[in-house]
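Undergrad: Below is work.txt; it holds compact mmCIF, C-alpha atoms.
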```txt
# COMPACT_ATOMS: atom_id res chain seq x y z
CA MET A 606 81.57 97.66 102.38
CA ILE A 607 83.29 100.94 103.23
CA ARG A 608 81.30 104.04 102.32
CA THR A 609 83.16 107.27 101.52
CA PRO A 610 82.20 110.67 100.10
CA HIS A 611 83.73 109.60 96.79
CA GLY A 612 82.15 106.18 96.43
CA ASP A 613 81.71 102.82 98.09
CA LEU A 614 84.53 100.32 98.48
CA PRO A 615 83.52 96.64 98.51
CA THR A 616 85.71 94.58 100.83
CA PRO A 617 88.08 92.85 100.85
CA ALA A 618 89.90 95.19 98.47
CA PHE A 619 93.47 95.92 97.45
CA ILE A 620 94.35 99.64 97.36
CA PRO A 621 97.07 100.60 94.83
CA VAL A 622 99.68 102.96 96.28
CA GLY A 623 100.14 106.39 94.74
CA THR A 624 102.78 107.63 97.19
CA LYS A 625 103.26 111.08 95.66
CA ALA A 626 99.71 111.46 94.31
CA THR A 627 100.44 109.10 91.42
CA VAL A 628 100.60 105.35 90.95
CA LYS A 629 104.00 105.34 89.30
CA ALA A 630 104.07 105.00 85.50
CA VAL A 631 100.29 104.87 84.96
CA LEU A 632 97.46 107.39 84.53
CA PRO A 633 94.68 107.64 87.13
CA GLU A 634 92.28 106.61 84.37
CA THR A 635 94.36 103.47 83.90
CA VAL A 636 94.08 102.66 87.60
CA ALA A 637 90.30 102.64 87.19
CA GLU A 638 90.59 100.52 84.04
CA PHE A 639 92.60 97.78 85.78
CA GLY A 640 90.02 97.67 88.56
CA GLY A 641 91.50 99.89 91.25
CA ARG A 642 88.69 101.34 93.36
CA ALA A 643 90.79 103.59 95.61
CA VAL A 644 94.35 104.88 95.92
CA LEU A 645 96.59 105.54 98.91
CA ALA A 646 99.04 108.45 99.03
CA ASN A 647 101.62 109.35 101.64
CA ALA A 648 101.39 112.36 103.93
CA TYR A 649 105.16 112.51 104.51
CA HIS A 650 106.06 112.72 100.83
CA LEU A 651 103.27 115.14 99.93
CA PHE A 652 104.18 117.35 102.90
CA LEU A 653 107.72 117.63 101.53
CA GLN A 654 106.65 118.02 97.87
CA PRO A 655 104.54 119.85 96.73
CA GLY A 656 103.27 120.81 100.20
CA ALA A 657 99.92 120.00 101.82
CA ASP A 658 98.76 123.59 101.33
CA ILE A 659 99.13 123.22 97.57
CA VAL A 660 97.01 120.06 97.54
CA ASP A 661 94.43 121.78 99.75
CA GLU A 662 94.27 124.79 97.45
CA ALA A 663 93.78 122.44 94.49
CA GLY A 664 90.67 121.02 96.15
CA GLY A 665 92.13 117.98 97.88
CA LEU A 666 94.05 114.88 96.85
CA GLY A 667 91.47 113.41 94.48
CA ARG A 668 90.96 116.60 92.54
CA PHE A 669 94.68 117.37 92.51
CA MET A 670 95.54 114.03 90.88
CA ASN A 671 92.34 113.73 88.83
CA TRP A 672 91.15 110.65 90.70
CA PRO A 673 87.37 110.59 91.28
CA GLY A 674 87.23 107.61 93.64
CA PRO A 675 88.00 107.07 97.33
CA THR A 676 91.42 108.12 98.64
CA PHE A 677 93.54 107.14 101.63
CA THR A 678 96.59 108.84 103.16
CA ASP A 679 98.85 107.20 105.71
CA SER A 680 100.11 109.34 108.54
CA GLY A 681 103.75 109.61 107.52
CA GLY A 682 104.90 107.72 110.61
CA PHE A 683 106.20 104.73 108.67
CA GLN A 684 108.28 106.86 106.30
CA VAL A 685 109.65 109.08 109.08
CA MET A 686 110.81 106.01 111.00
CA SER A 687 112.04 103.91 108.08
CA LEU A 688 114.08 106.73 106.56
CA GLY A 689 115.17 107.87 109.99
CA VAL A 690 116.77 104.62 111.10
CA GLY A 691 118.73 104.39 107.88
CA PHE A 692 117.34 101.20 106.33
CA LYS A 693 114.25 100.20 104.42
CA LYS A 694 111.59 98.78 106.72
CA VAL A 695 108.90 96.53 105.38
CA ILE A 696 105.85 95.26 107.21
CA SER A 697 106.54 91.57 106.69
CA MET A 698 110.10 90.96 107.84
CA ASP A 699 112.55 88.11 108.31
CA GLU A 700 114.15 88.63 111.69
CA ASN A 701 117.37 86.93 110.60
CA ALA A 702 117.85 89.33 107.67
CA PHE A 703 118.19 92.50 109.74
CA GLN A 704 120.77 93.95 112.05
CA SER A 705 119.63 95.56 115.26
CA ASP A 706 118.80 99.25 115.31
CA GLU A 707 121.73 99.78 117.65
CA VAL A 708 124.24 98.27 115.19
CA ILE A 709 122.83 100.32 112.31
CA ALA A 710 122.97 103.48 114.40
CA GLU A 711 126.73 103.04 114.80
CA ASN A 712 127.20 103.21 111.03
CA LYS A 713 124.58 105.71 109.87
CA GLU A 714 123.35 109.05 111.10
CA ARG A 715 119.73 108.77 112.12
CA LEU A 716 117.49 111.18 110.25
CA ALA A 717 114.67 110.94 112.81
CA HIS A 718 114.52 111.28 116.59
CA VAL A 719 111.47 110.27 118.65
CA ASP A 720 110.36 111.94 121.87
CA GLU A 721 107.09 112.04 123.78
CA ASP A 722 105.72 114.94 121.79
CA GLY A 723 106.55 113.67 118.28
CA VAL A 724 109.40 113.15 115.82
CA THR A 725 112.08 115.52 114.54
CA PHE A 726 113.48 114.48 111.19
CA LYS A 727 115.56 115.61 108.26
CA SER A 728 114.13 115.69 104.76
CA PHE A 729 115.56 112.95 102.57
CA ILE A 730 115.29 115.46 99.70
CA ASN A 731 117.44 118.34 100.93
CA GLY A 732 118.27 117.73 104.58
CA ASP A 733 115.92 120.39 105.95
CA ARG A 734 114.77 119.74 109.50
CA HIS A 735 111.05 119.17 110.15
CA ARG A 736 108.82 118.22 113.05
CA PHE A 737 105.85 115.80 112.99
CA THR A 738 103.53 115.53 115.97
CA PRO A 739 100.09 113.92 116.10
CA GLU A 740 98.56 117.36 115.63
CA VAL A 741 100.79 118.20 112.67
CA SER A 742 100.01 114.88 110.98
CA MET A 743 96.28 115.45 111.41
CA ARG A 744 96.48 118.99 110.03
CA ILE A 745 98.49 117.80 107.02
CA GLN A 746 96.09 114.96 106.29
CA HIS A 747 93.09 117.24 106.58
CA GLN A 748 94.72 119.58 104.09
CA LEU A 749 95.39 116.63 101.77
CA GLY A 750 91.70 115.82 102.03
CA ALA A 751 91.69 112.02 101.71
CA ASP A 752 88.51 110.13 102.55
CA ILE A 753 90.36 107.84 104.99
CA ILE A 754 93.31 109.01 107.07
CA PHE A 755 95.45 107.34 109.74
CA ALA A 756 96.49 108.36 113.23
CA PHE A 757 100.17 109.23 113.72
CA ASP A 758 101.98 106.25 115.22
CA GLU A 759 105.48 105.03 115.91
CA CYS A 760 106.45 102.18 113.60
CA THR A 761 108.99 99.91 115.28
CA THR A 762 110.99 96.99 113.88
CA LEU A 763 111.43 93.40 115.06
CA MET A 764 114.88 94.47 116.23
CA ASN A 765 113.56 96.82 118.90
CA THR A 766 113.70 95.31 122.40
CA ARG A 767 110.61 94.18 124.30
CA PRO A 768 110.86 97.14 126.73
CA TYR A 769 111.07 99.54 123.79
CA GLN A 770 108.03 97.90 122.15
CA GLU A 771 106.09 98.36 125.39
CA ASP A 772 107.01 102.03 125.60
CA SER A 773 106.22 102.52 121.92
CA VAL A 774 102.74 100.98 122.18
CA ALA A 775 101.96 103.23 125.14
CA ARG A 776 103.31 106.27 123.29
CA THR A 777 101.30 105.45 120.16
CA HIS A 778 98.17 105.21 122.34
CA ARG A 779 98.84 108.65 123.84
CA TRP A 780 99.42 110.02 120.36
CA ALA A 781 96.12 108.42 119.27
CA VAL A 782 94.23 110.47 121.88
CA ARG A 783 95.82 113.63 120.52
CA CYS A 784 94.99 112.59 116.95
CA LEU A 785 91.31 112.13 117.86
CA ASP A 786 91.16 115.56 119.47
CA GLU A 787 92.92 117.33 116.60
CA HIS A 788 90.79 115.42 114.08
CA ALA A 789 87.65 116.71 115.82
CA ARG A 790 88.99 120.28 115.76
CA GLN A 791 89.95 120.08 112.11
CA THR A 792 86.59 118.54 111.17
CA ALA A 793 84.74 121.38 112.91
CA GLU A 794 86.91 124.06 111.32
CA ARG A 795 86.80 122.60 107.82
CA GLY A 796 83.08 122.13 107.34
CA HIS A 797 83.47 123.08 103.68
CA ARG A 798 85.18 119.72 103.06
CA PRO A 799 83.62 116.23 103.20
CA TYR A 800 84.07 114.25 106.42
CA GLN A 801 87.31 112.27 106.61
CA ALA A 802 87.28 108.91 108.41
CA LEU A 803 90.11 108.47 110.92
CA PHE A 804 91.67 105.04 111.51
CA GLY A 805 93.74 104.25 114.61
CA VAL A 806 96.87 102.15 114.06
CA VAL A 807 97.55 98.99 116.09
CA GLN A 808 101.21 98.33 116.86
CA GLY A 809 102.90 95.75 119.09
CA ALA A 810 105.22 93.83 116.73
CA GLN A 811 105.15 90.05 117.29
CA TYR A 812 103.91 90.15 120.90
CA GLU A 813 100.37 88.85 121.44
CA ASP A 814 99.77 90.72 124.69
CA LEU A 815 100.95 94.03 123.21
CA ARG A 816 98.91 93.62 120.01
CA ARG A 817 95.77 92.77 121.98
CA GLN A 818 96.41 95.57 124.46
CA ALA A 819 96.91 98.10 121.67
CA ALA A 820 93.80 96.95 119.78
CA ARG A 821 91.57 97.02 122.87
CA GLY A 822 92.86 100.42 123.86
CA LEU A 823 92.17 101.96 120.46
CA ALA A 824 88.73 100.32 120.18
CA GLU A 825 87.69 101.78 123.52
CA LEU A 826 89.34 105.15 123.03
CA ARG A 827 87.35 108.36 122.94
CA GLY A 828 88.69 111.86 122.41
CA ALA A 829 88.82 114.35 125.26
CA ASP A 830 86.58 116.87 123.51
CA ALA A 831 82.86 117.13 124.18
CA ALA A 832 82.00 115.22 121.00
CA GLU A 833 83.90 112.15 122.26
CA GLN A 834 85.30 111.42 118.82
CA GLU A 835 86.12 107.74 118.24
CA PHE A 836 88.00 105.92 115.50
CA ASP A 837 86.07 105.11 112.33
CA GLY A 838 88.25 102.11 111.56
CA PHE A 839 91.65 100.64 112.32
CA GLY A 840 94.98 100.06 110.64
CA ILE A 841 97.24 97.15 111.52
CA GLY A 842 100.83 98.33 111.24
CA GLY A 843 104.34 97.66 112.39
CA ALA A 844 106.83 95.00 111.46
CA LEU A 845 105.86 91.36 111.77
CA GLU A 846 107.30 88.04 110.70
CA LYS A 847 105.70 86.76 107.52
CA SER A 848 105.07 83.33 108.98
CA GLU A 849 103.04 84.91 111.81
CA LEU A 850 101.04 87.41 109.74
CA GLY A 851 97.70 85.60 109.90
CA THR A 852 98.11 84.85 113.59
CA ILE A 853 98.85 88.48 114.44
CA VAL A 854 95.97 89.80 112.36
CA GLY A 855 93.75 87.29 114.15
CA TRP A 856 94.83 88.57 117.59
CA VAL A 857 94.02 92.12 116.56
CA SER A 858 90.72 91.23 114.89
CA ASP A 859 89.56 89.45 118.06
CA GLU A 860 89.81 92.74 119.94
CA LEU A 861 88.34 95.12 117.34
CA PRO A 862 84.63 95.75 116.71
CA ASP A 863 83.21 93.80 113.77
CA ARG A 864 81.31 96.84 112.48
CA LYS A 865 84.45 98.85 111.73
CA PRO A 866 86.90 98.18 108.85
CA ARG A 867 90.48 96.96 109.34
CA HIS A 868 93.24 97.97 106.97
CA LEU A 869 96.48 95.98 106.88
CA LEU A 870 99.28 98.32 105.93
CA GLY A 871 101.94 97.23 103.43
CA ILE A 872 100.76 93.78 102.26
CA SER A 873 100.22 92.39 98.74
CA GLU A 874 101.77 88.91 98.38
CA PRO A 875 99.08 86.36 97.44
CA ASP A 876 99.72 84.08 100.42
CA ASP A 877 99.70 87.06 102.79
CA LEU A 878 96.41 88.29 101.33
CA PHE A 879 94.69 84.95 101.87
CA ALA A 880 96.08 84.65 105.41
CA ALA A 881 95.08 88.19 106.36
CA ILE A 882 91.59 88.00 104.88
CA ALA A 883 90.96 84.69 106.66
CA ALA A 884 92.01 86.40 109.90
CA GLY A 885 89.69 89.38 109.46
CA ALA A 886 91.45 92.11 107.46
CA ASP A 887 89.34 94.10 104.98
CA THR A 888 91.67 96.29 102.90
CA PHE A 889 95.37 96.33 102.01
CA ASP A 890 97.93 98.54 100.33
CA CYS A 891 101.47 97.92 99.13
CA VAL A 892 104.02 99.40 96.73
CA ALA A 893 105.32 95.93 95.78
CA PRO A 894 103.23 95.28 92.64
CA SER A 895 104.36 98.49 90.93
CA ARG A 896 107.89 98.44 92.36
CA GLN A 897 108.51 94.88 91.23
CA ALA A 898 106.96 95.64 87.84
CA ARG A 899 109.44 98.45 87.21
CA GLY A 900 112.23 95.95 87.82
CA GLY A 901 110.76 93.40 85.43
CA THR A 902 109.39 90.96 88.02
CA MET A 903 105.92 89.97 86.88
CA TYR A 904 103.13 88.03 88.53
CA SER A 905 101.40 85.29 86.57
CA GLU A 906 98.86 82.56 87.11
CA ARG A 907 101.76 80.07 87.08
CA GLY A 908 104.16 81.97 89.33
CA ARG A 909 106.59 84.84 88.88
CA ILE A 910 108.18 85.63 85.52
CA ASN A 911 111.29 87.72 84.90
CA ALA A 912 110.33 89.81 81.88
CA LYS A 913 114.02 90.47 81.20
CA SER A 914 115.00 86.81 81.07
CA ALA A 915 116.21 85.11 77.88
CA PRO A 916 113.17 82.78 77.51
CA GLN A 917 110.96 85.85 76.98
CA ARG A 918 112.97 87.17 74.04
CA ARG A 919 111.12 85.16 71.40
CA ARG A 920 107.86 84.52 73.27
CA PHE A 921 105.29 85.94 70.88
CA GLU A 922 102.33 85.49 73.17
CA PRO A 923 101.01 87.36 76.22
CA LEU A 924 103.26 87.33 79.25
CA ASP A 925 100.40 85.60 81.10
CA PRO A 926 97.88 84.06 78.66
CA GLU A 927 95.34 83.71 81.50
CA CYS A 928 95.44 87.42 82.41
CA ASP A 929 92.76 89.87 81.26
CA CYS A 930 94.79 93.07 81.67
CA TYR A 931 95.40 95.63 78.90
CA THR A 932 99.04 94.62 78.60
CA CYS A 933 98.37 90.92 78.09
CA ALA A 934 95.50 91.67 75.70
CA ASN A 935 97.65 93.83 73.41
CA TYR A 936 101.36 93.02 73.79
CA THR A 937 103.63 90.00 73.77
CA ALA A 938 106.21 88.87 76.28
CA ALA A 939 108.83 89.41 73.57
CA TYR A 940 107.85 93.05 73.16
CA LEU A 941 107.92 93.64 76.90
CA HIS A 942 111.35 91.99 77.06
CA HIS A 943 112.54 94.34 74.33
CA LEU A 944 111.22 97.42 76.16
CA PHE A 945 113.06 96.49 79.34
CA LYS A 946 116.30 95.71 77.52
CA ALA A 947 116.05 99.01 75.62
CA ASN A 948 115.32 100.92 78.86
CA GLU A 949 112.12 102.29 77.39
CA MET A 950 109.71 104.01 79.79
CA LEU A 951 106.79 102.11 78.30
CA ALA A 952 108.15 98.96 79.96
CA SER A 953 107.27 100.32 83.39
CA THR A 954 103.81 101.36 82.27
CA LEU A 955 102.86 98.03 80.71
CA ALA A 956 104.42 96.00 83.51
CA THR A 957 102.72 98.04 86.23
CA ILE A 958 99.32 97.66 84.57
CA HIS A 959 99.78 93.89 84.58
CA ASN A 960 101.02 93.51 88.16
CA GLU A 961 98.45 95.85 89.67
CA ARG A 962 95.64 94.17 87.74
CA PHE A 963 96.85 90.75 88.90
CA ILE A 964 96.61 91.66 92.60
CA VAL A 965 93.40 93.68 92.28
CA ARG A 966 91.78 90.82 90.37
CA LEU A 967 92.98 88.24 92.89
CA VAL A 968 91.38 90.13 95.79
CA ASP A 969 88.20 90.61 93.74
CA ARG A 970 88.09 86.84 93.21
CA ILE A 971 88.62 86.29 96.93
CA ARG A 972 85.69 88.61 97.68
CA GLU A 973 83.49 86.68 95.25
CA SER A 974 84.59 83.36 96.77
CA ILE A 975 83.56 84.56 100.24
CA ILE A 976 80.12 85.47 98.92
CA ASP A 977 79.88 82.07 97.20
CA GLY A 978 81.19 80.12 100.19
CA ALA A 979 84.21 78.94 98.22
CA PHE A 980 87.06 80.78 99.97
CA SER A 981 88.90 77.65 101.16
CA GLU A 982 88.76 76.05 97.73
CA LEU A 983 90.07 79.18 96.02
CA ARG A 984 92.85 79.49 98.58
CA GLU A 985 94.04 75.91 98.14
CA GLU A 986 93.88 76.04 94.35
CA THR A 987 95.53 79.45 93.98
CA LEU A 988 98.37 78.98 96.44
CA GLY A 989 99.07 75.50 95.14
CA ARG A 990 99.24 76.74 91.55
CA LEU A 991 101.49 79.65 92.52
CA GLY A 992 103.81 77.41 94.52
CA PHE A 993 103.13 78.79 98.01
CA THR A 994 103.17 76.59 101.08
CA ARG A 995 99.94 76.79 103.04
CA ARG A 996 100.39 78.61 106.38
```
The structure in this file should be written as structure tokens.

TA:
Amino acid sequence: MIRTPHGDLPTPAFIPVGTKATVKAVLPETVAEFGGRAVLANAYHLFLQPGADIVDEAGGLGRFMNWPGPTFTDSGGFQVMSLGVGFKKVISMDENAFQSDEVIAENKERLAHVDEDGVTFKSFINGDRHRFTPEVSMRIQHQLGADIIFAFDECTTLMNTRPYQEDSVARTHRWAVRCLDEHARQTAERGHRPYQALFGVVQGAQYEDLRRQAARGLAELRGADAAEQEFDGFGIGGALEKSELGTIVGWVSDELPDRKPRHLLGISEPDDLFAAIAAGADTFDCVAPSRQARGGTMYSERGRINAKSAPQRRRFEPLDPECDCYTCANYTAAYLHHLFKANEMLASTLATIHNERFIVRLVDRIRESIIDGAFSELREETLGRLGFTRR
């Protein structure tokens, strides 16, 4: 259980992503209706538009977006790096599917440049130049006012060399010290706002020694100020190979204190959720359920369904008869197919409700199975039915 000023969050839990202070295509009230207990927004995007000062003046992220429950913001480090290197990074990667950073750099201008103090980057919106440092990220996230915020880190890829990964882990640790100190200053100065929990972020890519080193370092870290601020929880970030996800989360969990929550950044696939929860992760976020929904790719109890495909055209039954979401209770697969083919905005709304509910409900069922001592049985049955190979 994670306790926040805006409510308790039973764990494990999936956190829907509202990057720009909105879960795309759905109302905040709808997020609550499909079972979402918290939302995660992005500091980078909200810094660029509308500006952290605007959100602060509105009373913080929750009040600004009319969301009464717990809120998270990530530090912006992932977006700065992923946009800066010129290709879309994801947490779970296939090493064979990506070129090296050096090859990409020959063909695209980098929008972000890392140095010891922070990152200089160009806005993807208008090309304006900005600067993020650990202190800037902390100040922005305090203005945004989320209940749980993340330390500014450098997010590497599997294509970075081992020496670069070593340097990056060390740099992220030094940035973490600065984040703790600035967090303590901001907390003292902003006593009119509820306390915000700060999570350190564990990097280290696919290397066991670096992951363990990073986790131990953050767990033992204390700020330099008199209050000796420490991290309230931990994020597990950076690129990793899908096949090694559970193993890497296990390495990190071994080194982190049991009493503090662990958030795995950027994960939502059913097999990944089971693997991560078994290895010790508590909460997760990912844009995939809503992003895939807007493209017509739908989860179901029998595997994925393409809502745009010809078999759905005359299917006058729910897209997933076993689903309890608003969409499946009120609309047919044929109607959803029509909406997508007609490019109607309602398609995205109904599809997003379904996909988000599917993942939220799955994690809720996993939580119940842990309480009941039936986790292994649920894992075998669910992954077998969905066609995943057990890892």

Undergrad: Of the residues A:Ile659, A:Met606, A:Leu955, A:Ala626, which is the one nearest to Cys930 of chain A, using only C-alpha atoms?

TA: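 For Cys930 of chain A, the nearest of the candidates is A:Leu955.
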
Undergrad: Find the residues with any atom within 10 Å of (116.2, 93.9, 87.8); use only C-alpha atoms and the coordinates as given in the file, and write the answer as a list in words.

TA: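 Collected hits near the coordinates: Gln897, Ala898, Arg899, Gly900, Gly901, Thr902, Asn911, Ala912, Lys913, Ser914 and Phe945 of chain A.
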
Undergrad: Atom CA of Val854 of chain A to atom CA of Gly809 of chain A: how many Å, to one decimal?

TA: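 Those two atoms sit 11.3 Å apart.
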
Undergrad: My list of candidates is A:Leu749, A:Ala956, A:Val636, A:Leu826. Which is closest to Gln654 of chain A when distances are computed with all atoms listed in the file?

TA: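 Using all atoms listed in the file, Gln654 of chain A sits closest to A:Leu749.
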
Undergrad: Let me make sure I understand: among A:Leu870, A:Val724, A:Ala881, A:Ala844, which one has the smallest atom-to-atom distance to Phe677 of chain A if we use only C-alpha atoms?

TA: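 Once distances to Phe677 of chain A are computed over only C-alpha atoms, the minimum belongs to A:Leu870.
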
Undergrad: Could you work out how far atom CA of Asp752 of chain A lies from atom CA of His959 of chain A, giving the answer in Å with one decimal?

TA: 26.7 Å

Undergrad: For Arg919 of chain A, which residue among A:His943, A:Arg972, A:Arg896, A:Arg798 is the nearest when counting only C-alpha atoms?

TA: A:His943

Undergrad: State, in Å with one decimal place, the distance from atom CA of Lys625 of chain A to atom CA of Phe963 of chain A.

TA: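 These atoms are spaced 22.4 Å apart.
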
Undergrad: Rank nothing, just name the residue among A:Arg909, A:His718, A:Arg790, A:His611 nearest to Thr676 of chain A, using all atoms listed in the file.

TA: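 So, comparing all the options, the nearest one is A:His611.
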
Undergrad: Rank nothing, just name the residue among A:Ala657, A:Ala915, A:Ile976, A:Ile958 nearest to Arg744 of chain A, using only C-alpha atoms.

TA: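 Result for the nearest residue to Arg744 of chain A: A:Ala657.
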
Undergrad: Within 10 Å of segment 640-645 of chain A, which residues of segment 824-941 of chain A show up? Give each one with its shortest atom-to-atom distance in Å (one decimal) and the two atoms involved, counting all atoms listed in the file, rows by chain then rising residue number, as a Markdown table.

TA:
```
| residue | atom | partner | partner_atom | distance |
| --- | --- | --- | --- | --- |
| A:Phe889 | CA | A:Leu645 | CA | 9.8 |
| A:Asp890 | CA | A:Leu645 | CA | 7.3 |
| A:Cys891 | CA | A:Leu645 | CA | 9.1 |
| A:Val892 | CA | A:Leu645 | CA | 9.9 |
| A:Cys930 | CA | A:Gly640 | CA | 9.6 |
```

Undergrad: Please work out which residues fall within 8 Å of (90.4, 108.9, 104.3), coordinates as given in the file, with all atoms listed in the file counting, and return them as an NGL selection string.

TA: :A and (609 or 675-678 or 750-755 or 801-803)

Undergrad: List the spatial neighbours of segment 926-928 of chain A as number ranges by chain - criterion: any atom at most 10 Å away, all atoms listed in the file, same-chain residues fewer than 2 positions off excluded.

TA: A: 904-907, 922-924, 930-934, 937-938, 959, 962-963, 966
